[in-house]
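Colleague: First the structure, which I've put down as structure tokens, then a few questions once you've had a look.
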Amino acid sequence: MDLDVITYPARLEPVQGVLVVLHGWGANAQDVAALAAYLDLPNYQLCFPNAPFPFPYGPAGRMWYDLPADYSFFSRPEFRDQPELRQSRQLLTDWLLSLEQITGVPLSRTILAGFSQGGAMTLDVGLQLPLAALMVLSGYLHAPLDAATLTQPLPKVLMVHGRQDQVVPLLASYQARDRLLELGASVHYHELMMGHEIQPAVLKLMQSFIEEMTA
């Protein structure tokens with residue numbers, strides 16, 4: 001099983017970094033690839049992987065793992081070993097580790113971002129790799145974070161969540177944020193008056209976060 005990836009090469013040289021964006025449950029790589037037109041990152045290569053599993057409720061959708069009917073979006077230790085999650089975690093980790101050879105850009109200049117389930121995957125995988133930064137949009141934690149398994153130093157983290165999110169509770173975002181702060185991560189946290197979505201204001205925060213990192 002391999003990841004199918006939409007890739008946009010950097011428009012300008014020298015290449016400053018790589019931005020990887022993970023879609024949410026039931027969406028696909030094309031959904032988040034549409035964001036490329038709204039981000040002014042000419043020196044970045046942009047990568048949008050498709051999740052490996054077909055979405056059972058729509059022919060075009062993909063998922064990193066299926067959600068049980070009673071899923072609450074709050075971290076649960078036993079969910080760490082959900083079979084599809086384990087497969088997606090390994091596939092995504094292996095692919096990210098291969099990117100340095102493919103692009104010539106080290107992980108230390110690679111940013112991993114994700115929306116909703118993609119945000120949860122960003123935290124799950126990204127905190128174990130020496131990445132430049134993570135961007136978690138309307139995301140959550142799969143399971144409690146074990147400091148012994150995390151890369152050091154931790155990547156910088158941008159978190160954005162809607163106060164009116166009817167899918168992933170705002171409290172789930174608090175849970176993730178507070179645990180990251182406990183572990184000593186640098187967290188840039190923002191709440192916006194929106195639902196479960198990526199509004200233009202979110203893209204502006206992403207743009208500013210990346211520009212500050214590369215300034």
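Convention: chains lettered A, B, ... in structure tokens order; per-chain residue numbering from 1; ligands numbered from 1 as shown.
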Please provide the set of residues having any atom within 9 Å of His188 in chain A, restricted to only C-alpha atoms, with same-chain residues fewer than 4 positions apart removed, written as a list in words.

Modeller: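 Here the qualifying residues turn out to be Lys156, Val157, Leu158, Met159, Val160 and Phe209 of chain A.
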
Colleague: Using DSSP on the backbone coordinates, identify the residues of chain A assigned to strand (DSSP E or B); present them as a PyMOL selection string.

Modeller: chain A and resi 5-8+17-22+44-49+53-54+62-63+110-115+133-137+156-162+187-192

Colleague: Those residues you just picked out, can you put them in a file as a JSON list (two decimals), in the first residue's frame with C-alpha atoms?

Modeller:
```
[["chain", "number", "residue", "atom", "x", "y", "z"],
["A", 5, "VAL", "CA", 0.37, 12.33, -3.54],
["A", 6, "ILE", "CA", -0.46, 15.54, -5.40],
["A", 7, "THR", "CA", 2.77, 17.55, -5.64],
["A", 8, "TYR", "CA", 3.38, 21.14, -6.71],
["A", 17, "GLY", "CA", 11.08, 24.09, 2.45],
["A", 18, "VAL", "CA", 8.32, 21.57, 1.94],
["A", 19, "LEU", "CA", 4.72, 21.92, 3.13],
["A", 20, "VAL", "CA", 2.67, 18.73, 3.49],
["A", 21, "VAL", "CA", -1.09, 19.06, 4.11],
["A", 22, "LEU", "CA", -3.29, 16.13, 5.19],
["A", 44, "TYR", "CA", 8.01, 25.84, -1.02],
["A", 45, "GLN", "CA", 7.23, 22.50, -2.57],
["A", 46, "LEU", "CA", 3.64, 21.60, -1.68],
["A", 47, "CYS", "CA", 2.54, 17.99, -1.13],
["A", 48, "PHE", "CA", -1.00, 16.71, -0.58],
["A", 49, "PRO", "CA", -1.23, 12.96, 0.13],
["A", 53, "PHE", "CA", -8.36, 3.88, 2.87],
["A", 54, "PRO", "CA", -11.53, 4.38, 0.78],
["A", 62, "ARG", "CA", -10.62, 8.84, 1.56],
["A", 63, "MET", "CA", -9.86, 8.32, 5.23],
["A", 110, "THR", "CA", 9.49, 20.46, 6.30],
["A", 111, "ILE", "CA", 6.14, 21.56, 7.75],
["A", 112, "LEU", "CA", 3.35, 19.04, 8.32],
["A", 113, "ALA", "CA", -0.22, 20.36, 8.43],
["A", 114, "GLY", "CA", -3.64, 18.76, 8.58],
["A", 115, "PHE", "CA", -7.34, 19.49, 8.92],
["A", 133, "ALA", "CA", 6.70, 22.80, 12.47],
["A", 134, "LEU", "CA", 3.18, 21.41, 12.66],
["A", 135, "MET", "CA", -0.09, 23.13, 11.77],
["A", 136, "VAL", "CA", -3.18, 21.56, 13.33],
["A", 137, "LEU", "CA", -6.49, 22.85, 11.98],
["A", 156, "LYS", "CA", 6.68, 24.52, 16.74],
["A", 157, "VAL", "CA", 2.91, 24.10, 16.55],
["A", 158, "LEU", "CA", 0.19, 26.30, 15.09],
["A", 159, "MET", "CA", -3.30, 25.33, 16.29],
["A", 160, "VAL", "CA", -6.50, 26.87, 14.92],
["A", 161, "HIS", "CA", -10.00, 25.82, 15.98],
["A", 162, "GLY", "CA", -13.52, 27.13, 15.46],
["A", 187, "VAL", "CA", 2.23, 26.51, 20.63],
["A", 188, "HIS", "CA", 0.60, 29.34, 18.69],
["A", 189, "TYR", "CA", -3.08, 28.85, 19.50],
["A", 190, "HIS", "CA", -6.00, 30.66, 17.83],
["A", 191, "GLU", "CA", -9.77, 30.38, 18.16],
["A", 192, "LEU", "CA", -11.96, 31.82, 15.43]]
```

Colleague: List as a list in words the protein and nucleic acid residues near Glu211 in chain A, meaning an atom at most 12 Å away when only C-alpha atoms are counted, but skip any in the same chain fewer than 5 places from it.

Modeller: Gln16, Gly17, Leu39, Asp40, Leu41, Pro42, Asn43, Tyr44, Lys204, Leu205 and Met206 of chain A

Colleague: Export C-alpha atoms of the chosen residues as an mmCIF file, in the first residue's frame?

Modeller:
```cif
data_model
loop_
_atom_site.group_PDB
_atom_site.id
_atom_site.type_symbol
_atom_site.label_atom_id
_atom_site.label_comp_id
_atom_site.auth_asym_id
_atom_site.auth_seq_id
_atom_site.Cartn_x
_atom_site.Cartn_y
_atom_site.Cartn_z
ATOM 1 C CA GLN A 16 13.152 27.043 1.307
ATOM 2 C CA GLY A 17 11.083 24.093 2.452
ATOM 3 C CA LEU A 39 -0.983 30.446 0.012
ATOM 4 C CA ASP A 40 1.858 32.646 -1.225
ATOM 5 C CA LEU A 41 4.738 30.196 -0.806
ATOM 6 C CA PRO A 42 6.701 30.357 -4.057
ATOM 7 C CA ASN A 43 9.842 28.848 -2.489
ATOM 8 C CA TYR A 44 8.009 25.842 -1.017
ATOM 9 C CA LYS A 204 -3.768 34.074 6.799
ATOM 10 C CA LEU A 205 -2.657 32.557 10.099
ATOM 11 C CA MET A 206 -0.905 29.727 8.246
#
```

Colleague: When DSSP is applied to the backbone of this structure, which of range 17-172 of chain A are assigned helix (DSSP H, G or I)? Write them out as a PyMOL selection string.

Modeller: chain A and resi 29-38+77-81+83-103+107-109+117-126+147-149+170-172

Colleague: Of the candidates A:Asp146, A:Asp4, A:Glu212, A:Glu84, which shows the shortest atom-to-atom distance to Met121 in chain A, using only C-alpha atoms?

Modeller: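 Smallest distance to Met121 in chain A is found for A:Glu84.
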
Colleague: I'd like the contact shell of Ala147 in chain A - 10 Å cut-off, only C-alpha atoms, skipping same-chain residues fewer than 5 positions apart - returned as a PyMOL selection string.

Modeller: chain A and resi 127-128+152+180+182-183

Colleague: Write out as a list in words the residues lying within 10 Å of Asp66 in chain A, counting only C-alpha atoms and excluding same-chain residues fewer than 2 positions away.

Modeller: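 Within the cut-off, the hits are Trp25, Gly26, Phe53, Pro54, Phe55, Pro56, Arg62, Met63, Trp64, Pro68, Ala69, Tyr71, Gln82, Pro83, Glu84, Leu85 and Gln117 of chain A.
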
Colleague: Keeping only N, CA and C atoms, write those residues as a CSV table (one decimal), in the first residue's frame.

Modeller:
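The new file again-v1.csv reads:
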```csv
chain,number,residue,atom,x,y,z
A,25,TRP,N,-11.4,13.4,7.3
A,25,TRP,CA,-12.2,12.1,7.1
A,25,TRP,C,-13.2,12.4,6.0
A,26,GLY,N,-13.2,11.6,4.9
A,26,GLY,CA,-14.1,11.6,3.9
A,26,GLY,C,-13.8,12.6,2.8
A,53,PHE,N,-7.1,4.7,2.8
A,53,PHE,CA,-8.4,3.9,2.9
A,53,PHE,C,-9.5,4.6,2.2
A,54,PRO,N,-10.3,3.8,1.4
A,54,PRO,CA,-11.5,4.4,0.8
A,54,PRO,C,-12.6,4.7,1.8
A,55,PHE,N,-13.3,5.8,1.6
A,55,PHE,CA,-14.3,6.3,2.5
A,55,PHE,C,-15.6,5.5,2.2
A,56,PRO,N,-16.2,4.9,3.2
A,56,PRO,CA,-17.3,4.0,2.9
A,56,PRO,C,-18.6,4.7,2.5
A,62,ARG,N,-11.6,9.7,1.0
A,62,ARG,CA,-10.6,8.8,1.6
A,62,ARG,C,-10.6,9.1,3.1
A,63,MET,N,-10.0,8.1,3.8
A,63,MET,CA,-9.9,8.3,5.2
A,63,MET,C,-8.6,7.7,5.7
A,64,TRP,N,-8.0,8.2,6.8
A,64,TRP,CA,-6.8,7.7,7.4
A,64,TRP,C,-7.2,6.5,8.3
A,68,PRO,N,-15.4,5.1,14.9
A,68,PRO,CA,-16.5,4.3,15.5
A,68,PRO,C,-17.7,5.3,15.8
A,69,ALA,N,-18.9,4.7,15.9
A,69,ALA,CA,-20.1,5.5,16.0
A,69,ALA,C,-20.0,6.4,17.3
A,71,TYR,N,-17.3,7.7,18.7
A,71,TYR,CA,-16.1,8.4,18.8
A,71,TYR,C,-16.3,9.8,19.4
A,82,GLN,N,-5.6,1.3,17.0
A,82,GLN,CA,-6.6,1.0,16.0
A,82,GLN,C,-5.9,0.5,14.7
A,83,PRO,N,-6.4,-0.6,14.1
A,83,PRO,CA,-5.6,-1.2,13.0
A,83,PRO,C,-5.4,-0.3,11.8
A,84,GLU,N,-6.4,0.4,11.4
A,84,GLU,CA,-6.2,1.3,10.2
A,84,GLU,C,-5.3,2.5,10.6
A,85,LEU,N,-5.4,3.0,11.8
A,85,LEU,CA,-4.6,4.1,12.3
A,85,LEU,C,-3.1,3.6,12.3
A,117,GLN,N,-9.3,15.1,10.9
A,117,GLN,CA,-8.6,13.9,11.0
A,117,GLN,C,-7.2,14.0,10.6
```

Colleague: I'd like to know which of A:Leu91, A:Met194, A:Leu203, A:Leu150 is closest to Ala34 in chain A, using only C-alpha atoms.

Modeller: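 Checking each candidate against Ala34 in chain A, we get A:Leu203 as the closest.
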
Colleague: Find the residue from A:Ala51, A:Ala132, A:Ala143, A:Ala176 that sits nearest to Gly118 in chain A; use only C-alpha atoms when measuring.

Modeller: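 Among the listed residues, the smallest separation from Gly118 in chain A belongs to A:Ala51.
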
Colleague: Between A:Arg89, A:Arg11, A:His23, A:Arg163, which one has atoms that come closest to Gly126 in chain A, using only C-alpha atoms?

Modeller: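 Of all the options, A:Arg89 lies closest to Gly126 in chain A.
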
Colleague: Rank nothing, just name the residue among A:Ala60, A:Met213, A:Val15, A:Ile102 nearest to Gln30 in chain A, using only C-alpha atoms.

Modeller: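 Closest residue, counting only C-alpha atoms: A:Ala60.
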
Colleague: Measure the distance from CA of Gly61 in chain A to CA of Asn28 in chain A in Å and round it to one decimal.

Modeller: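 Interatomic distance, CA of Gly61 in chain A to CA of Asn28 in chain A: 5.5 Å.
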
Colleague: In Å, how far is it from CA of Leu67 in chain A to CA of Phe79 in chain A?

Modeller: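 Separation of CA of Leu67 in chain A and CA of Phe79 in chain A: 10.4 Å.
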
Colleague: In Å, how far is it from CA of Pro77 in chain A to CA of Val168 in chain A?

Modeller: 18.2 Å
